[in-house]
Amino acid sequence: MSTPITTALSPIKPTRLSGRSRSGLLHGLMTNRKAMLGAALLVFFILLALLAPVLFPGNPSRITALASQEPSAQYWLGTTAKGQDVLALTAHGARISLFVGLIAGLVSTIIGILVGLASAYFGRVIDESLSVVTNIFLLIPGLPLLVILAAFLPPGVGTVIFVLIITGWAGSARVLRSQALSIRSKDFVAASQVTGDRAGWIMLREILPNMASNVMGTLLGCIIGAIGAQAGLEFLGLGDTATVSWGTNLYWAGNEGALLTGSWWVFLPSGLCIALVAFALSLFNYAVDEVTNPRLRTVKKRPATAPLSRMEDAQ
Amino acid sequence: MRFILRRIGFYLIAFWVSITLNFLLPRFMPGDPISRMLSRSQDKMTAEQVLQLQRLFGLDNRPLLQQYTSYVADVLTGNMGVSISRFPTPVSEVIASQIGWTLLLGATSLLLAALIGNLLGIVAAWRRGSLVDSALPPLLIFIGSFPYFWLAMGALYVFGIMLGWFPLRHAYDSELDPGFTWAFISNVGYHLVLPALTIVLVSIGGWMLGMRNTMIATNSEDYITMAEAKGLKPRRIMLRYAARNAMLPSVTSFGMGIGFVVGGALLTETVFAYPGVGYQLLTSVQGLDYPLMQGLFLIITSAVLLANLLVDIVYVRLDPRVRTN
């Protein structure tokens, strides 16, 4: 009974995992306009962050000019109410903002993958207990928790990263669990179990590659969320106001009444940078979705039944 | 029914954990908030207040277990202590006077965003390549990329300060008496427009894309082809066959959306000085009003729990697969 199933499935599985499909993803992204625009924007901001100390040497918060100057040839983005160069503040702000977003997003996604895969694969008690923990972390709203912790902990970049991870991983774990759960019930996972593959192998080599686009989406979403949450926290004055980041720039802009005095050039750049980074990440996310999900890619007539499922139906 | 009972059991456990977290948080945090607070408020504090604070931080020399049981009993009976910044007022009273505004703002913006976003998603998925499908998603993603508070402040600047179309702060004009009069209700609505609109604007894109992508998957199902073959009207196929089956992920997002709105209200309410629980939470943190802070935190977490329970009940109603498992 079981022999025809394995022989029928084995020729399909290797092609799905072959290197061709992976370079296909890369090729797909290279030819996708959204992906290339997103990548170009990201590269620009990463370069800005890396080169900020070279392009704008010295402490960006030092007072170099007259207060509240409009953008001019000397100060391209004008000066703040204190007389700081807005361009230098914005360039240096990229460093902390991108760093915190990247680290917090990456760690939350990794925790999310591990928890999601484990609870989907093992089910029962492990799923129950992991879901309880996930849901508890999920139901603690991030911003209020951040605010509460800021009342107890000394403000600093480390605290911000820590709390962003604490509040960020649960969402990705939940999304990835439900995706893993639907893949878990597919026949090829059962086939893999029947052939005696180990749990870790099945989770990482059978289930995980099939949710690559979800993992990518979650990672990008986590980074966007982390950058946004960090900016919000710092805007409320709960970060470390002595560091220079896009969020603290906006905090000082608000504190010095930039909008009330009409100094829009102090307020605009940092917010725009956050938006452009988030936009670039979203575009990239969107493109990954399009490339990995053929249904989203083309605008042709709705496709007929896939040949793979027809083969399975024939069994 | 058994599924729902199990979920209720789960949420009771989660509620217990959140109470316990709330109990442990001030006790295991580094630093000495009490002395910070005493030095801030000098001699304005009464002996009763100091005692309350010492109990809150576990400094009253009772055994931990006894502190814990009395804390749980206090929470369950709704006794969350007395606010420090608004001294003789109990914490529960302060919260009760503000939670309505947060719920009003949150419910209005969440319902509007979910409704408009899902409808746009349905149209975009049904008419692939149309203007709605090709132009709107990038635009909405771009708007959604801006930090929420930044957009809100920009909107406040343009429509409030520059154009003067909308009020700058609070939930209603202070000269009006709250009551069920047309003047008051319309004034509340007028004050609601700008805060709610900014939330809707930034969150609509997520709803739309989620719905669009799920529905594209449903569109290629056999039963859609079958419905077309039967000669049903496209409108009926779109709404009753495709959209209906693509709705489940949106229901889950709705539960999370409620939590997000209650928590995220902090920024909205701060920018627009809207008198809800989020704004109060920030004020209580700045004023080191620990009892109020804890009470607010507990209320916000409980609201999120309750919201998720309600979504679960709806989910069981919508998805028969959950019932059979």
# chains A, B, ... in the order shown; residues from 1 in each chain; ligands from 1
call {"tool": "interface_residues", "arguments": {"of": "chain B", "to": "chain A", "cutoff": "8 Å", "atoms": "only C-alpha atoms", "output": "JSON, numbers by chain"}}
result
{"B": [10, 14, 17, 18, 26, 29, 30, 31, 33, 128, 129, 138, 141, 142, 145, 146, 147, 149, 150, 157, 213, 216, 217, 219, 220, 222, 259, 260, 262, 263, 264, 266, 267, 278, 281, 282, 285, 286, 288, 293, 297, 300, 301, 304, 305]}
call {"tool": "write_last_selection", "arguments": {"atoms": "N, CA and C atoms", "output": "short mmCIF file (atom, residue, chain, number, x, y, z; two decimals), in the first residue's frame"}}
result
data_model
loop_
_atom_site.label_atom_id
_atom_site.label_comp_id
_atom_site.auth_asym_id
_atom_site.auth_seq_id
_atom_site.Cartn_x
_atom_site.Cartn_y
_atom_site.Cartn_z
N PHE B 10 -8.71 29.08 28.93
CA PHE B 10 -7.40 29.62 28.56
C PHE B 10 -7.28 31.09 28.92
N ALA B 14 -4.68 33.14 31.21
CA ALA B 14 -3.92 34.30 30.72
C ALA B 14 -4.17 35.52 31.61
N VAL B 17 -2.15 35.15 34.66
CA VAL B 17 -0.73 35.44 34.41
C VAL B 17 -0.50 36.95 34.33
N SER B 18 -1.44 37.66 33.69
CA SER B 18 -1.21 39.10 33.57
C SER B 18 -1.31 39.80 34.92
N PRO B 26 6.76 45.53 39.60
CA PRO B 26 7.39 46.53 40.47
C PRO B 26 8.32 45.92 41.50
N MET B 29 11.95 44.97 39.71
CA MET B 29 12.63 45.96 38.89
C MET B 29 13.79 46.56 39.67
N PRO B 30 14.91 46.82 38.97
CA PRO B 30 16.02 47.47 39.68
C PRO B 30 15.66 48.92 40.00
N GLY B 31 16.45 49.51 40.87
CA GLY B 31 16.21 50.92 41.20
C GLY B 31 15.28 51.06 42.39
N PRO B 33 12.15 53.18 43.05
CA PRO B 33 11.17 54.18 42.61
C PRO B 33 10.57 54.97 43.78
N ARG B 128 -8.31 42.10 -11.09
CA ARG B 128 -6.85 42.18 -11.14
C ARG B 128 -6.42 43.12 -12.25
N GLY B 129 -5.45 43.98 -11.94
CA GLY B 129 -4.91 44.86 -12.96
C GLY B 129 -5.70 46.14 -13.15
N PRO B 138 0.32 50.39 -3.71
CA PRO B 138 1.57 51.11 -3.43
C PRO B 138 1.33 52.42 -2.68
N ILE B 141 0.54 51.58 0.92
CA ILE B 141 1.75 51.12 1.61
C ILE B 141 2.61 52.33 1.95
N PHE B 142 2.68 53.26 1.00
CA PHE B 142 3.52 54.43 1.24
C PHE B 142 2.99 55.26 2.41
N SER B 145 3.65 53.69 5.66
CA SER B 145 5.04 53.64 6.06
C SER B 145 5.42 54.77 7.01
N PHE B 146 4.66 55.86 6.96
CA PHE B 146 5.02 56.99 7.82
C PHE B 146 4.79 56.64 9.27
N PRO B 147 5.66 57.15 10.17
CA PRO B 147 5.39 56.93 11.58
C PRO B 147 4.03 57.55 11.90
N PHE B 149 2.60 58.85 14.51
CA PHE B 149 2.52 60.14 15.22
C PHE B 149 2.96 61.30 14.33
N TRP B 150 3.84 60.99 13.38
CA TRP B 150 4.35 62.02 12.47
C TRP B 150 3.24 62.49 11.53
N TYR B 157 -1.21 69.87 12.09
CA TYR B 157 -0.61 71.14 11.66
C TYR B 157 -1.37 71.73 10.47
N ASN B 213 -4.73 39.48 -0.99
CA ASN B 213 -3.91 38.31 -1.21
C ASN B 213 -4.62 37.01 -0.86
N ILE B 216 -7.20 36.34 -3.69
CA ILE B 216 -6.60 35.86 -4.94
C ILE B 216 -6.43 34.34 -4.86
N ALA B 217 -6.05 33.86 -3.66
CA ALA B 217 -5.91 32.42 -3.49
C ALA B 217 -7.26 31.73 -3.61
N ASN B 219 -9.81 32.76 -5.24
CA ASN B 219 -10.33 32.90 -6.60
C ASN B 219 -9.97 31.74 -7.50
N SER B 220 -8.86 31.05 -7.20
CA SER B 220 -8.46 29.96 -8.08
C SER B 220 -9.01 28.62 -7.60
N ASP B 222 -11.68 25.56 -7.05
CA ASP B 222 -12.60 24.94 -8.00
C ASP B 222 -14.03 25.42 -7.85
N GLY B 259 -6.51 44.99 20.06
CA GLY B 259 -5.41 45.17 20.99
C GLY B 259 -4.48 46.29 20.55
N PHE B 260 -4.23 46.32 19.24
CA PHE B 260 -3.34 47.34 18.70
C PHE B 260 -3.93 48.73 18.89
N VAL B 262 -6.16 49.70 21.18
CA VAL B 262 -6.15 50.09 22.59
C VAL B 262 -4.75 50.50 23.03
N GLY B 263 -3.74 49.73 22.58
CA GLY B 263 -2.37 50.06 22.95
C GLY B 263 -1.84 51.26 22.18
N GLY B 264 -2.11 51.27 20.86
CA GLY B 264 -1.58 52.33 20.02
C GLY B 264 -2.26 53.67 20.24
N LEU B 266 -2.21 55.29 22.64
CA LEU B 266 -1.26 56.11 23.38
C LEU B 266 -0.74 57.27 22.54
N LEU B 267 -0.32 56.95 21.30
CA LEU B 267 0.25 58.00 20.44
C LEU B 267 -0.82 58.95 19.93
N GLY B 278 -4.79 55.90 27.12
CA GLY B 278 -3.41 55.93 26.63
C GLY B 278 -2.70 57.21 27.06
N LEU B 281 -2.00 57.09 30.62
CA LEU B 281 -0.88 56.22 30.97
C LEU B 281 0.44 56.98 30.86
N LEU B 282 0.58 57.73 29.77
CA LEU B 282 1.81 58.51 29.60
C LEU B 282 1.95 59.56 30.71
N VAL B 285 3.00 57.93 33.91
CA VAL B 285 4.41 57.56 33.92
C VAL B 285 5.27 58.80 34.18
N GLN B 286 4.92 59.90 33.50
CA GLN B 286 5.69 61.12 33.70
C GLN B 286 5.55 61.63 35.12
N LEU B 288 5.07 59.72 37.73
CA LEU B 288 5.43 58.62 38.64
C LEU B 288 4.24 58.17 39.49
N MET B 293 -0.72 53.81 36.97
CA MET B 293 -0.02 53.18 35.86
C MET B 293 -0.33 51.68 35.81
N PHE B 297 -2.48 49.64 33.02
CA PHE B 297 -1.85 48.54 32.31
C PHE B 297 -2.72 47.28 32.39
N ILE B 300 -5.82 47.68 30.18
CA ILE B 300 -5.51 47.56 28.76
C ILE B 300 -5.29 46.08 28.39
N THR B 301 -4.54 45.35 29.23
CA THR B 301 -4.32 43.93 28.92
C THR B 301 -5.64 43.16 28.99
N VAL B 304 -7.64 43.60 25.86
CA VAL B 304 -7.12 42.82 24.74
C VAL B 304 -7.55 41.36 24.86
N LEU B 305 -7.48 40.82 26.09
CA LEU B 305 -7.92 39.44 26.34
C LEU B 305 -9.37 39.25 25.94
#
call {"tool": "select_by_dssp", "arguments": {"residues": "stretch 214-275 of chain B", "states": "alpha helix (DSSP H)", "output": "number ranges by chain"}}
result
B: 214-219, 222-229, 234-236, 244-245, 248-271
call {"tool": "atom_distance", "arguments": {"atom1": "atom CA of B:Gly276", "atom2": "atom CA of B:Tyr290"}}
result
17.6 Å
call {"tool": "residues_around", "arguments": {"residues": "stretch 175-186 of chain A", "least_positions_apart": "4", "cutoff": "10 Å", "atoms": "only C-alpha atoms", "output": "list in words"}}
result
Thr109, Gly112, Ile113, Leu114, Val115, Gly116, Leu117, Ala118, Ser119, Ala120, Tyr121, Phe122, Gly123, Asp127, Ser131, Ala170, Gly171, Ala190, Ala191, Ile202, Met203, Glu206, Ile207, Leu208, Asn210, Met211, Asn214, Val215 and Thr218 of chain A
call {"tool": "residues_around", "arguments": {"residues": "A:Ala67", "least_positions_apart": "4", "cutoff": "8 Å", "atoms": "only C-alpha atoms", "output": "PyMOL selection string"}}
result
chain A and resi 79-84
call {"tool": "residues_around", "arguments": {"residues": "stretch 24-30 of chain A", "least_positions_apart": "4", "cutoff": "9 Å", "atoms": "only C-alpha atoms", "output": "number ranges by chain"}}
result
A: 19-20, 34-36, 284, 287-288, 290-292
call {"tool": "write_last_selection", "arguments": {"atoms": "C-alpha atoms", "output": "short mmCIF file (atom, residue, chain, number, x, y, z; two decimals), in the first residue's frame"}}
result
data_model
loop_
_atom_site.label_atom_id
_atom_site.label_comp_id
_atom_site.auth_asym_id
_atom_site.auth_seq_id
_atom_site.Cartn_x
_atom_site.Cartn_y
_atom_site.Cartn_z
CA GLY A 19 19.15 25.11 -6.30
CA ARG A 20 17.34 26.16 -9.45
CA LYS A 34 9.32 46.85 -6.82
CA ALA A 35 12.16 44.75 -5.43
CA MET A 36 14.82 46.79 -7.20
CA PHE A 284 10.61 44.38 -1.04
CA ALA A 287 7.95 41.76 -4.39
CA VAL A 288 8.94 38.60 -2.50
CA GLU A 290 4.80 38.24 -5.98
CA VAL A 291 7.85 36.20 -6.90
CA THR A 292 7.19 33.28 -4.57
#
call {"tool": "residues_around", "arguments": {"residues": "B:Arg86", "least_positions_apart": "3", "cutoff": "12 Å", "atoms": "only C-alpha atoms", "output": "JSON list (two decimals) with N, CA and C atoms, in the first residue's frame"}}
result
[["chain", "number", "residue", "atom", "x", "y", "z"],
["B", 45, "MET", "N", 2.88, 63.98, 50.38],
["B", 45, "MET", "CA", 2.24, 62.68, 50.50],
["B", 45, "MET", "C", 1.79, 62.41, 51.93],
["B", 49, "GLN", "N", -0.73, 57.29, 51.77],
["B", 49, "GLN", "CA", -0.18, 57.11, 50.42],
["B", 49, "GLN", "C", 1.15, 56.38, 50.46],
["B", 81, "GLY", "N", -6.37, 50.64, 44.34],
["B", 81, "GLY", "CA", -5.64, 51.67, 45.07],
["B", 81, "GLY", "C", -6.12, 53.07, 44.72],
["B", 82, "VAL", "N", -5.38, 54.04, 45.23],
["B", 82, "VAL", "CA", -5.75, 55.43, 45.06],
["B", 82, "VAL", "C", -4.68, 56.10, 44.20],
["B", 83, "SER", "N", -5.15, 56.90, 43.25],
["B", 83, "SER", "CA", -4.20, 57.60, 42.38],
["B", 83, "SER", "C", -3.40, 58.62, 43.18],
["B", 89, "THR", "N", -8.89, 60.46, 44.48],
["B", 89, "THR", "CA", -9.68, 59.66, 43.55],
["B", 89, "THR", "C", -9.11, 58.24, 43.42],
["B", 90, "PRO", "N", -9.97, 57.21, 43.59],
["B", 90, "PRO", "CA", -9.48, 55.84, 43.39],
["B", 90, "PRO", "C", -9.10, 55.62, 41.92],
["B", 91, "VAL", "N", -8.12, 54.73, 41.72],
["B", 91, "VAL", "CA", -7.63, 54.45, 40.37],
["B", 91, "VAL", "C", -8.77, 53.99, 39.45],
["B", 92, "SER", "N", -9.66, 53.12, 40.00],
["B", 92, "SER", "CA", -10.73, 52.59, 39.15],
["B", 92, "SER", "C", -11.64, 53.71, 38.65],
["B", 93, "GLU", "N", -11.81, 54.75, 39.47],
["B", 93, "GLU", "CA", -12.68, 55.85, 39.05],
["B", 93, "GLU", "C", -12.02, 56.67, 37.94],
["B", 94, "VAL", "N", -10.70, 56.90, 38.09],
["B", 94, "VAL", "CA", -9.98, 57.65, 37.06],
["B", 94, "VAL", "C", -10.09, 56.92, 35.72],
["B", 95, "ILE", "N", -9.88, 55.58, 35.77],
["B", 95, "ILE", "CA", -9.91, 54.80, 34.54],
["B", 95, "ILE", "C", -11.31, 54.81, 33.93],
["B", 280, "GLN", "N", -3.56, 59.08, 29.49],
["B", 280, "GLN", "CA", -3.42, 59.04, 30.95],
["B", 280, "GLN", "C", -2.24, 58.18, 31.36],
["B", 283, "THR", "N", 0.84, 60.23, 31.02],
["B", 283, "THR", "CA", 0.89, 61.24, 32.09],
["B", 283, "THR", "C", 1.24, 60.59, 33.42],
["B", 284, "SER", "N", 0.69, 59.41, 33.68],
["B", 284, "SER", "CA", 0.96, 58.77, 34.97],
["B", 284, "SER", "C", 2.41, 58.32, 35.06],
["B", 287, "GLY", "N", 4.36, 61.42, 35.74],
["B", 287, "GLY", "CA", 4.13, 61.89, 37.09],
["B", 287, "GLY", "C", 4.47, 60.84, 38.15],
["B", 288, "LEU", "N", 5.07, 59.72, 37.73],
["B", 288, "LEU", "CA", 5.43, 58.62, 38.64],
["B", 288, "LEU", "C", 4.24, 58.17, 39.49],
["B", 289, "ASP", "N", 3.06, 58.13, 38.88],
["B", 289, "ASP", "CA", 1.86, 57.69, 39.60],
["B", 289, "ASP", "C", 1.74, 56.17, 39.41],
["B", 290, "TYR", "N", 2.49, 55.42, 40.21],
["B", 290, "TYR", "CA", 2.58, 53.98, 40.01],
["B", 290, "TYR", "C", 1.25, 53.23, 40.14],
["B", 291, "PRO", "N", 0.42, 53.53, 41.14],
["B", 291, "PRO", "CA", -0.85, 52.78, 41.22],
["B", 291, "PRO", "C", -1.72, 52.96, 39.98],
["B", 292, "LEU", "N", -1.80, 54.20, 39.48],
["B", 292, "LEU", "CA", -2.62, 54.47, 38.30],
["B", 292, "LEU", "C", -2.04, 53.76, 37.08]]
call {"tool": "residues_around", "arguments": {"residues": "stretch 306-309 of chain B", "least_positions_apart": "3", "cutoff": "10 Å", "atoms": "only C-alpha atoms", "output": "list of chain:residue names"}}
result
A:Asn135, A:Leu139, B:Ile4, B:Arg7, B:Ile8, B:Phe10, B:Tyr11, B:Phe15, B:Thr252, B:Phe254, B:Gly255, B:Met256, B:Gly257, B:Ile258, B:Gly259, B:Thr301, B:Ser302, B:Ala303, B:Asp312, B:Ile313, B:Val314, B:Tyr315
call {"tool": "write_last_selection", "arguments": {"atoms": "C-alpha atoms", "output": "PDB file, in the first residue's frame"}}
result
ATOM      1  CA  ASN A 135      -0.720  34.608  23.494  1.00  0.00           C
ATOM      2  CA  LEU A 139      -1.909  40.282  24.520  1.00  0.00           C
TER       3      LEU A 139
ATOM      4  CA  ILE B   4     -15.499  27.881  23.608  1.00  0.00           C
ATOM      5  CA  ARG B   7     -10.969  29.047  25.247  1.00  0.00           C
ATOM      6  CA  ILE B   8     -12.605  30.703  28.246  1.00  0.00           C
ATOM      7  CA  PHE B  10      -7.398  29.618  28.556  1.00  0.00           C
ATOM      8  CA  TYR B  11      -8.235  33.288  28.870  1.00  0.00           C
ATOM      9  CA  PHE B  15      -5.726  36.798  32.926  1.00  0.00           C
ATOM     10  CA  THR B 252      -8.119  37.067  13.213  1.00  0.00           C
ATOM     11  CA  PHE B 254      -9.575  42.100  13.826  1.00  0.00           C
ATOM     12  CA  GLY B 255      -8.857  40.576  17.233  1.00  0.00           C
ATOM     13  CA  MET B 256      -5.269  41.707  17.037  1.00  0.00           C
ATOM     14  CA  GLY B 257      -6.426  45.054  15.702  1.00  0.00           C
ATOM     15  CA  ILE B 258      -8.452  45.734  18.839  1.00  0.00           C
ATOM     16  CA  GLY B 259      -5.405  45.174  20.994  1.00  0.00           C
ATOM     17  CA  THR B 301      -4.323  43.928  28.916  1.00  0.00           C
ATOM     18  CA  SER B 302      -7.760  42.750  30.075  1.00  0.00           C
ATOM     19  CA  ALA B 303      -9.397  44.590  27.181  1.00  0.00           C
ATOM     20  CA  ASP B 312     -12.644  33.295  19.047  1.00  0.00           C
ATOM     21  CA  ILE B 313     -16.390  32.985  19.528  1.00  0.00           C
ATOM     22  CA  VAL B 314     -17.009  34.626  16.151  1.00  0.00           C
ATOM     23  CA  TYR B 315     -14.385  32.394  14.572  1.00  0.00           C
TER      24      TYR B 315
END
